[in-house]
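Asks: Got a structure for you, written out below as structure tokens; questions coming shortly.
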Amino acid sequence: MKVWNYSAGPSMIPVPVMEKAQKEFCDFNGLGMGIVEMSHRSAEYMAVAAEAEQLLRDIMEIPANYKILFEQGGGRGQFAAVPLNILPEDGFADYFVTGHWSRCAYKECAERYGKAILHECVEKDSDGNFYIDYSKMQVTPGAAYAYACLNETVNGIEMFNLPETGDIPLIVDMSSNILTRKIDVSKFGAIIFGAQKNVAPAGLTVTIVREDLLGRARKYCPSIFDWSVLAAHDSMYNTPNSFAWYMAGLDFKWIKDLGGVAELEKRNCQKANLLYNFLDSTDFYRCPIAKSDRSRVNCVFTLKDESLNAEFLAQAKSEHLVGLKGHKVLGGMRASIYNAMPLEGVEVLVRYLDKFAKAHS
Ligand code: PMP
């Protein structure tokens, strides 16, 4: 039986992608073996890997002067890889903090690798709602890079504007909103994302990096985190997560066939509007994020009466709605409605929210 899965990640993968992987699992393309059994250096696997990369380049319109790296180590691995690759020992970087994950990235840099300048960029308005203060996103002249997280998965805050950084490369974490909306890749020095929310199973991390940022890694940067080493080896310096890379390719193809990122963006707006409009229509629930900065994919909300939390989650589960509990650092609830979540899943959720509210008002 199918459940509606609102988990923040790992999270839903499109049904057609899961079914295709299942169909091919034991025998890929009539080769008599599955993808997970195949050498990553075989001609057949290399073709799968190259196709996935090309599909990503196509659907994101990634310019030719950017490398796409398929890595391991997760978002947190990249929190270290970013300074190890592009922060000189005597340099400094600006970190624009908008929530949990950008703060983790800031700390990783500041506590281990060098000087990081903290810019607190979230404020509370007079209604008690959090909003992004873009005026705080000022780069410091001479910074090696500026860093931001375009969607704060835990806090439910998304950046729809970008800071003006001039010649200073802007490095962004898009782990939870990659491929959910159109972006102009040429505006960024590098884009990092873990695959486990919008793309593939966990264990695959992607870095899209402008070529001029390669070749600057510190001597002691582990080779597997050195972007130029990975680029020189077509992301096969060590054994990649071959299964997740293959699944990513299936997902990119699914996106291309349904009309690309623009179509997904349209659907994501529709889903998010449905959910937030409902939450705003009732006093029973509350979303603590200012309307302009609400994440389209991670909707955080609280019940006015928090003593009902456990009952809310238990009843949801009994009706096959799972993964609604908020992140442990924030509490409350969170519904993650990434690319793979169909509109129907949001309609089901809204009906549940409405029914629960009416039964307890
Ligand atoms: N950045 C963001 C925006 C995330 O949501 C997460 C994980 N939820 C991370 C980084 C950390 O990723 P990982 O667990 O792959 O290290």
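If you're wondering about the labels, chains in the structure tokens are A, B, ... by order shown, residues count from 1 in each chain, ligands from 1 in order shown.
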Which residues are near Gly34 in chain A? Cut-off 9 Å, only C-alpha atoms, ignore same chain within fewer than 5 positions. Put them as a list in words.

Replies: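 Here the answer would be Glu24, Phe25, Cys26, Asp27, Phe28 and Asn29 of chain A.
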
Asks: Please, which residues have at least one atom within 10 Å of an atom of ligand 1, using only C-alpha atoms and all ligand atoms, listed as a short mmCIF file (atom, residue, chain, number, x, y, z; two decimals) with all heavy atoms, in the first residue's frame?

Replies:
```
data_model
loop_
_atom_site.label_atom_id
_atom_site.label_comp_id
_atom_site.auth_asym_id
_atom_site.auth_seq_id
_atom_site.Cartn_x
_atom_site.Cartn_y
_atom_site.Cartn_z
N ALA A 8 11.58 15.12 4.62
CA ALA A 8 12.49 16.15 4.08
C ALA A 8 13.68 15.54 3.33
O ALA A 8 14.39 16.25 2.64
CB ALA A 8 12.98 17.04 5.21
N GLY A 9 13.90 14.26 3.50
CA GLY A 9 14.96 13.63 2.72
C GLY A 9 15.74 12.64 3.57
O GLY A 9 16.05 12.97 4.71
N PRO A 10 16.02 11.46 2.99
CA PRO A 10 15.56 10.98 1.70
C PRO A 10 14.04 11.09 1.60
O PRO A 10 13.33 10.99 2.60
CB PRO A 10 16.02 9.53 1.65
CG PRO A 10 17.22 9.50 2.54
CD PRO A 10 16.93 10.49 3.62
N GLN A 72 30.73 12.01 -3.45
CA GLN A 72 30.14 11.45 -2.23
C GLN A 72 30.48 12.39 -1.07
O GLN A 72 31.20 13.35 -1.23
CB GLN A 72 30.67 10.04 -2.00
CG GLN A 72 30.22 9.10 -3.14
CD GLN A 72 30.85 7.73 -3.09
OE1 GLN A 72 30.54 6.95 -2.20
NE2 GLN A 72 31.73 7.45 -4.03
N GLY A 73 29.95 12.10 0.09
CA GLY A 73 30.27 12.95 1.26
C GLY A 73 29.16 13.91 1.63
O GLY A 73 29.25 14.59 2.65
N GLY A 74 28.14 14.00 0.81
CA GLY A 74 26.95 14.77 1.17
C GLY A 74 27.17 16.27 1.19
O GLY A 74 28.26 16.78 0.89
N GLY A 75 26.09 16.97 1.55
CA GLY A 75 26.17 18.42 1.69
C GLY A 75 27.25 18.80 2.70
O GLY A 75 28.05 19.71 2.47
N ARG A 76 27.29 18.06 3.78
CA ARG A 76 28.29 18.38 4.82
C ARG A 76 29.70 18.20 4.30
O ARG A 76 30.61 18.94 4.70
CB ARG A 76 28.04 17.53 6.06
CG ARG A 76 26.90 18.04 6.92
CD ARG A 76 27.02 17.45 8.31
NE ARG A 76 25.91 17.79 9.18
CZ ARG A 76 25.89 18.83 10.01
NH1 ARG A 76 26.90 19.67 10.05
NH2 ARG A 76 24.84 19.03 10.78
N GLY A 77 29.90 17.22 3.44
CA GLY A 77 31.23 17.07 2.83
C GLY A 77 31.60 18.33 2.05
O GLY A 77 32.73 18.83 2.12
N GLN A 78 30.63 18.89 1.36
CA GLN A 78 30.90 20.10 0.57
C GLN A 78 31.07 21.32 1.46
O GLN A 78 31.74 22.28 1.07
CB GLN A 78 29.80 20.32 -0.46
CG GLN A 78 29.79 19.28 -1.57
CD GLN A 78 31.13 19.17 -2.29
OE1 GLN A 78 31.62 20.13 -2.87
NE2 GLN A 78 31.75 18.00 -2.23
N PHE A 79 30.49 21.31 2.67
CA PHE A 79 30.74 22.44 3.59
C PHE A 79 32.25 22.56 3.85
O PHE A 79 32.77 23.65 4.06
CB PHE A 79 30.03 22.24 4.93
CG PHE A 79 28.52 22.26 4.87
CD1 PHE A 79 27.76 21.90 5.98
CD2 PHE A 79 27.86 22.65 3.71
CE1 PHE A 79 26.37 21.93 5.93
CE2 PHE A 79 26.46 22.67 3.65
CZ PHE A 79 25.72 22.31 4.77
N GLY A 99 19.56 30.25 8.03
CA GLY A 99 18.93 29.13 8.72
C GLY A 99 19.96 28.08 9.10
O GLY A 99 21.17 28.33 9.09
N HIS A 100 19.45 26.92 9.44
CA HIS A 100 20.27 25.84 10.02
C HIS A 100 21.45 25.44 9.13
O HIS A 100 22.59 25.33 9.60
CB HIS A 100 19.36 24.63 10.26
CG HIS A 100 20.08 23.44 10.80
ND1 HIS A 100 20.49 23.33 12.10
CD2 HIS A 100 20.47 22.28 10.20
CE1 HIS A 100 21.10 22.18 12.29
NE2 HIS A 100 21.10 21.52 11.16
N TRP A 101 21.19 25.20 7.84
CA TRP A 101 22.26 24.62 7.01
C TRP A 101 23.32 25.62 6.61
O TRP A 101 24.51 25.27 6.51
CB TRP A 101 21.66 23.90 5.80
CG TRP A 101 20.92 22.66 6.22
CD1 TRP A 101 19.58 22.44 6.17
CD2 TRP A 101 21.49 21.48 6.83
NE1 TRP A 101 19.28 21.21 6.70
CE2 TRP A 101 20.43 20.60 7.11
CE3 TRP A 101 22.78 21.09 7.16
CZ2 TRP A 101 20.62 19.35 7.70
CZ3 TRP A 101 22.98 19.84 7.76
CH2 TRP A 101 21.91 18.99 8.03
N SER A 102 22.94 26.87 6.40
CA SER A 102 23.99 27.85 6.10
C SER A 102 24.82 28.10 7.37
O SER A 102 26.03 28.37 7.29
CB SER A 102 23.41 29.16 5.54
OG SER A 102 22.31 29.60 6.27
N ARG A 103 24.19 27.98 8.54
CA ARG A 103 24.95 28.13 9.79
C ARG A 103 25.94 26.97 9.95
O ARG A 103 27.08 27.16 10.37
CB ARG A 103 24.01 28.20 11.00
CG ARG A 103 24.71 28.68 12.27
CD ARG A 103 23.72 28.94 13.41
NE ARG A 103 22.65 29.85 13.07
CZ ARG A 103 22.78 31.17 13.00
NH1 ARG A 103 23.92 31.74 13.27
NH2 ARG A 103 21.75 31.93 12.66
N CYS A 104 25.52 25.77 9.62
CA CYS A 104 26.44 24.62 9.68
C CYS A 104 27.62 24.83 8.73
O CYS A 104 28.77 24.52 9.07
CB CYS A 104 25.72 23.33 9.30
SG CYS A 104 24.52 22.76 10.51
N ALA A 105 27.34 25.35 7.55
CA ALA A 105 28.42 25.57 6.57
C ALA A 105 29.37 26.64 7.10
O ALA A 105 30.60 26.50 6.99
CB ALA A 105 27.82 26.01 5.23
N ALA A 148 25.83 31.12 0.35
CA ALA A 148 24.42 31.18 0.79
C ALA A 148 23.75 29.83 0.54
O ALA A 148 24.20 29.04 -0.29
CB ALA A 148 23.69 32.28 0.02
N CYS A 149 22.68 29.60 1.27
CA CYS A 149 21.86 28.40 1.06
C CYS A 149 20.54 28.87 0.47
O CYS A 149 19.80 29.63 1.11
CB CYS A 149 21.63 27.68 2.39
SG CYS A 149 20.54 26.27 2.25
N LEU A 150 20.24 28.44 -0.76
CA LEU A 150 19.06 29.00 -1.43
C LEU A 150 17.74 28.45 -0.91
O LEU A 150 16.68 29.00 -1.18
CB LEU A 150 19.16 28.81 -2.94
CG LEU A 150 20.27 29.58 -3.67
CD1 LEU A 150 20.01 29.63 -5.16
CD2 LEU A 150 20.46 30.99 -3.13
N ASN A 151 17.80 27.35 -0.18
CA ASN A 151 16.57 26.87 0.47
C ASN A 151 16.93 26.20 1.78
O ASN A 151 17.61 25.17 1.79
CB ASN A 151 15.81 25.90 -0.43
CG ASN A 151 14.47 25.51 0.17
OD1 ASN A 151 13.57 26.33 0.29
ND2 ASN A 151 14.34 24.25 0.59
N GLU A 152 16.46 26.79 2.86
CA GLU A 152 16.77 26.26 4.18
C GLU A 152 15.71 25.21 4.53
O GLU A 152 14.61 25.51 4.98
CB GLU A 152 16.80 27.38 5.23
CG GLU A 152 18.07 28.22 5.15
CD GLU A 152 19.31 27.49 5.71
OE1 GLU A 152 19.19 26.33 6.13
OE2 GLU A 152 20.39 28.11 5.73
N THR A 153 16.11 23.96 4.36
CA THR A 153 15.22 22.80 4.51
C THR A 153 14.56 22.74 5.88
O THR A 153 13.40 22.36 6.01
CB THR A 153 16.05 21.52 4.31
OG1 THR A 153 17.01 21.75 3.28
CG2 THR A 153 15.19 20.34 3.97
N VAL A 154 15.33 23.08 6.91
CA VAL A 154 14.81 22.97 8.28
C VAL A 154 13.87 24.13 8.60
O VAL A 154 12.80 23.95 9.19
CB VAL A 154 15.99 22.98 9.30
CG1 VAL A 154 15.47 23.07 10.73
CG2 VAL A 154 16.85 21.74 9.11
N ASN A 155 14.26 25.33 8.19
CA ASN A 155 13.53 26.54 8.57
C ASN A 155 12.38 26.88 7.64
O ASN A 155 11.54 27.73 7.97
CB ASN A 155 14.49 27.73 8.63
CG ASN A 155 15.70 27.42 9.48
OD1 ASN A 155 16.60 26.71 9.03
ND2 ASN A 155 15.72 27.88 10.71
N VAL A 172 26.52 28.48 -3.75
CA VAL A 172 25.22 28.22 -3.12
C VAL A 172 24.95 26.73 -2.91
O VAL A 172 25.33 25.89 -3.72
CB VAL A 172 24.04 28.84 -3.93
CG1 VAL A 172 24.07 30.35 -3.84
CG2 VAL A 172 24.03 28.36 -5.37
N ASP A 173 24.27 26.48 -1.82
CA ASP A 173 23.78 25.14 -1.49
C ASP A 173 22.32 25.08 -1.97
O ASP A 173 21.48 25.87 -1.52
CB ASP A 173 23.86 24.95 0.04
CG ASP A 173 23.29 23.62 0.51
OD1 ASP A 173 22.78 22.85 -0.32
OD2 ASP A 173 23.35 23.37 1.74
N MET A 174 22.07 24.19 -2.91
CA MET A 174 20.69 24.01 -3.39
C MET A 174 20.22 22.58 -3.13
O MET A 174 19.44 22.01 -3.91
CB MET A 174 20.59 24.35 -4.89
CG MET A 174 20.81 25.81 -5.20
SD MET A 174 20.33 26.26 -6.90
CE MET A 174 18.53 26.20 -6.83
N SER A 175 20.67 22.01 -2.02
CA SER A 175 20.34 20.60 -1.74
C SER A 175 18.85 20.33 -1.80
O SER A 175 18.42 19.27 -2.26
CB SER A 175 20.86 20.21 -0.36
OG SER A 175 22.26 20.11 -0.37
N SER A 176 18.04 21.27 -1.32
CA SER A 176 16.62 20.96 -1.26
C SER A 176 15.78 21.68 -2.32
O SER A 176 14.59 21.37 -2.43
CB SER A 176 16.07 21.23 0.15
OG SER A 176 16.53 22.46 0.65
N ASN A 177 16.36 22.57 -3.09
CA ASN A 177 15.52 23.17 -4.15
C ASN A 177 16.11 23.05 -5.55
O ASN A 177 15.61 23.69 -6.48
CB ASN A 177 15.13 24.62 -3.82
CG ASN A 177 16.32 25.57 -3.79
OD1 ASN A 177 17.46 25.14 -3.77
ND2 ASN A 177 16.03 26.86 -3.78
N ILE A 178 17.12 22.20 -5.69
CA ILE A 178 17.69 22.02 -7.02
C ILE A 178 16.60 21.47 -7.96
O ILE A 178 15.80 20.61 -7.56
CB ILE A 178 18.91 21.05 -6.97
CG1 ILE A 178 19.70 21.12 -8.27
CG2 ILE A 178 18.52 19.60 -6.66
CD1 ILE A 178 20.52 22.37 -8.45
N ILE A 192 26.17 23.54 -5.07
CA ILE A 192 26.34 22.20 -4.51
C ILE A 192 24.97 21.65 -4.11
O ILE A 192 24.08 22.41 -3.74
CB ILE A 192 27.27 22.20 -3.27
CG1 ILE A 192 26.70 23.10 -2.15
CG2 ILE A 192 28.67 22.68 -3.64
CD1 ILE A 192 27.46 23.02 -0.83
N PHE A 193 24.81 20.34 -4.24
CA PHE A 193 23.57 19.75 -3.71
C PHE A 193 23.73 18.26 -3.46
O PHE A 193 24.40 17.56 -4.19
CB PHE A 193 22.36 20.00 -4.63
CG PHE A 193 22.43 19.42 -6.02
CD1 PHE A 193 21.91 18.14 -6.28
CD2 PHE A 193 22.97 20.12 -7.07
CE1 PHE A 193 21.93 17.60 -7.56
CE2 PHE A 193 23.01 19.60 -8.36
CZ PHE A 193 22.50 18.34 -8.60
N GLY A 194 23.11 17.82 -2.37
CA GLY A 194 22.95 16.40 -2.13
C GLY A 194 21.75 15.95 -2.96
O GLY A 194 20.81 16.70 -3.17
N ALA A 195 21.79 14.69 -3.41
CA ALA A 195 20.75 14.23 -4.34
C ALA A 195 19.48 13.76 -3.67
O ALA A 195 18.45 13.61 -4.31
CB ALA A 195 21.32 13.09 -5.19
N GLN A 196 19.53 13.57 -2.34
CA GLN A 196 18.50 12.75 -1.69
C GLN A 196 17.14 13.40 -1.48
O GLN A 196 16.29 12.83 -0.83
CB GLN A 196 19.03 12.23 -0.35
CG GLN A 196 19.30 13.29 0.71
CD GLN A 196 20.72 13.82 0.71
OE1 GLN A 196 21.36 13.84 -0.32
NE2 GLN A 196 21.20 14.28 1.85
N LYS A 197 16.93 14.59 -2.05
CA LYS A 197 15.62 15.23 -1.88
C LYS A 197 14.87 15.33 -3.21
O LYS A 197 13.70 15.01 -3.29
CB LYS A 197 15.77 16.61 -1.27
CG LYS A 197 16.38 16.53 0.12
CD LYS A 197 16.93 17.84 0.57
CE LYS A 197 17.92 17.69 1.69
NZ LYS A 197 17.42 16.96 2.86
N ALA A 202 20.07 8.67 -1.42
CA ALA A 202 21.17 9.34 -0.70
C ALA A 202 22.51 8.75 -1.12
O ALA A 202 22.59 7.61 -1.60
CB ALA A 202 20.97 9.16 0.80
N GLY A 203 23.57 9.54 -0.92
CA GLY A 203 24.91 9.03 -1.20
C GLY A 203 25.52 9.61 -2.46
O GLY A 203 26.62 9.22 -2.86
N LEU A 204 24.81 10.53 -3.09
CA LEU A 204 25.35 11.21 -4.26
C LEU A 204 25.29 12.71 -3.99
O LEU A 204 24.27 13.22 -3.54
CB LEU A 204 24.51 10.88 -5.50
CG LEU A 204 24.85 11.67 -6.78
CD1 LEU A 204 26.21 11.27 -7.33
CD2 LEU A 204 23.77 11.45 -7.85
N THR A 205 26.39 13.39 -4.24
CA THR A 205 26.46 14.84 -4.09
C THR A 205 26.96 15.41 -5.40
O THR A 205 27.85 14.82 -6.02
CB THR A 205 27.47 15.22 -2.98
OG1 THR A 205 27.34 14.32 -1.91
CG2 THR A 205 27.23 16.65 -2.50
N ASN A 298 9.62 23.12 1.33
CA ASN A 298 9.58 22.70 2.74
C ASN A 298 8.67 23.68 3.48
O ASN A 298 9.06 24.80 3.78
CB ASN A 298 10.98 22.74 3.39
CG ASN A 298 11.99 21.90 2.65
OD1 ASN A 298 12.87 22.44 1.99
ND2 ASN A 298 11.88 20.59 2.73
N HIS A 327 11.86 19.26 11.93
CA HIS A 327 13.24 18.93 12.28
C HIS A 327 13.46 19.14 13.78
O HIS A 327 12.88 20.05 14.37
CB HIS A 327 14.19 19.83 11.48
CG HIS A 327 15.63 19.42 11.56
ND1 HIS A 327 16.44 19.78 12.60
CD2 HIS A 327 16.41 18.69 10.72
CE1 HIS A 327 17.66 19.29 12.41
NE2 HIS A 327 17.67 18.63 11.26
#
```

Asks: Expressed in Å to a single decimal, how great is the separation between CA of Thr282 in chain A and CA of Val300 in chain A?

Replies: 15.0 Å

Asks: Grab the CA of Lys23 in chain A to CA of Tyr237 in chain A distance for me, in Å with one decimal place.

Replies: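 Interatomic distance here is 29.6 Å.
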
Asks: From a DSSP pass on the backbone, collect the residues of range 43-243 of chain A flagged as strand (DSSP E) and hand them back as number ranges by chain.

Replies: A: 66-71, 92-97, 115-120, 122-124, 130-132, 146-149, 151-152, 157-158, 170-173, 190-194, 205-210

Asks: Between A:Ala143, A:Ile68, A:Ala50, A:Val261, which residue has the minimum interatomic distance to Asp94 in chain A, considering only C-alpha atoms?

Replies: A:Ala143

Asks: Of the residues A:Asp283, A:Glu19, A:Asp234, A:Asp293, which is the one nearest to Lys358 in chain A, using only C-alpha atoms?

Replies: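 Of all the options, A:Asp283 lies closest to Lys358 in chain A.
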
Asks: Please give the complete set of residues from range 220-274 of chain A that DSSP, run on the backbone, assigns to alpha helix (DSSP H), formatted as a ChimeraX atom specification.

Replies: /A:227-232,242-258,260-274

Asks: Choose the residue, out of A:Arg294, A:Lys304, A:Arg267, A:Lys256, that has the smallest atom-to-atom separation from Phe160 in chain A; count only C-alpha atoms.

Replies: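 Among A:Arg294, A:Lys304, A:Arg267, A:Lys256, it is A:Arg294 that comes nearest to Phe160 in chain A.
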
Asks: Taking only C-alpha atoms into account, which of A:Lys325, A:Met33, A:Leu279, A:Leu330 comes nearest Arg351 in chain A?

Replies: A:Leu279

Asks: At a cut-off of 10 Å, using only C-alpha atoms, what residues contact Gly142 in chain A? Leave out same-chain residues fewer than 3 positions from it and give the result as a list in words.

Replies: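 Near Gly142 in chain A, the qualifying residues are Gly91, Phe92, Ala93, Asp94, Val139, Tyr145, Asp167 and Ile168 of chain A.
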
Asks: Need to verify the contact set: Arg181 in chain A, 7 Å, only C-alpha atoms, exclusion of same-chain residues closer than 6 positions in sequence. Can you return it as a PyMOL selection string?

Replies: chain A and resi 261-262+264-265

Asks: Can you pull out every residue within 8 Å of range 315-318 of chain A, counting only C-alpha atoms, but drop anything in the same chain fewer than 4 positions away, and send it as a list in words?

Replies: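 Within the cut-off, the hits are Glu311, Val322 and Tyr352 of chain A.
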
Asks: Export, as a compact mmCIF listing (two decimals), in the first residue's frame, the selected residues with all heavy atoms.

Replies:
```
# COMPACT_ATOMS: atom_id res chain seq x y z
N GLU A 311 -0.94 13.71 18.78
CA GLU A 311 -2.17 13.17 18.20
C GLU A 311 -2.25 13.48 16.70
O GLU A 311 -2.65 12.64 15.89
CB GLU A 311 -3.37 13.79 18.94
CG GLU A 311 -4.69 13.13 18.59
CD GLU A 311 -5.88 13.80 19.29
OE1 GLU A 311 -5.67 14.46 20.33
OE2 GLU A 311 -6.99 13.66 18.77
N VAL A 322 2.82 10.34 6.14
CA VAL A 322 4.00 10.18 7.01
C VAL A 322 5.04 11.26 6.75
O VAL A 322 5.04 11.92 5.71
CB VAL A 322 4.66 8.79 6.83
CG1 VAL A 322 3.65 7.68 7.14
CG2 VAL A 322 5.22 8.61 5.43
N TYR A 352 -6.61 16.53 5.11
CA TYR A 352 -6.31 16.02 6.47
C TYR A 352 -6.21 17.18 7.47
O TYR A 352 -6.78 17.13 8.57
CB TYR A 352 -5.03 15.18 6.47
CG TYR A 352 -4.64 14.80 7.88
CD1 TYR A 352 -5.40 13.86 8.59
CD2 TYR A 352 -3.58 15.42 8.54
CE1 TYR A 352 -5.10 13.55 9.90
CE2 TYR A 352 -3.27 15.11 9.85
CZ TYR A 352 -4.04 14.18 10.54
OH TYR A 352 -3.75 13.88 11.84
```

Asks: Considering only C-alpha atoms, can you say which of A:Leu275, A:Val348, A:Met236, A:Ile62 comes closest to His40 in chain A?

Replies: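 The answer is A:Met236, which sits nearest to His40 in chain A.
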
Asks: What is the CA of Ile13 in chain A-CA of Ala200 in chain A distance in Å, reported with one decimal?

Replies: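 So the answer is 6.8 Å.
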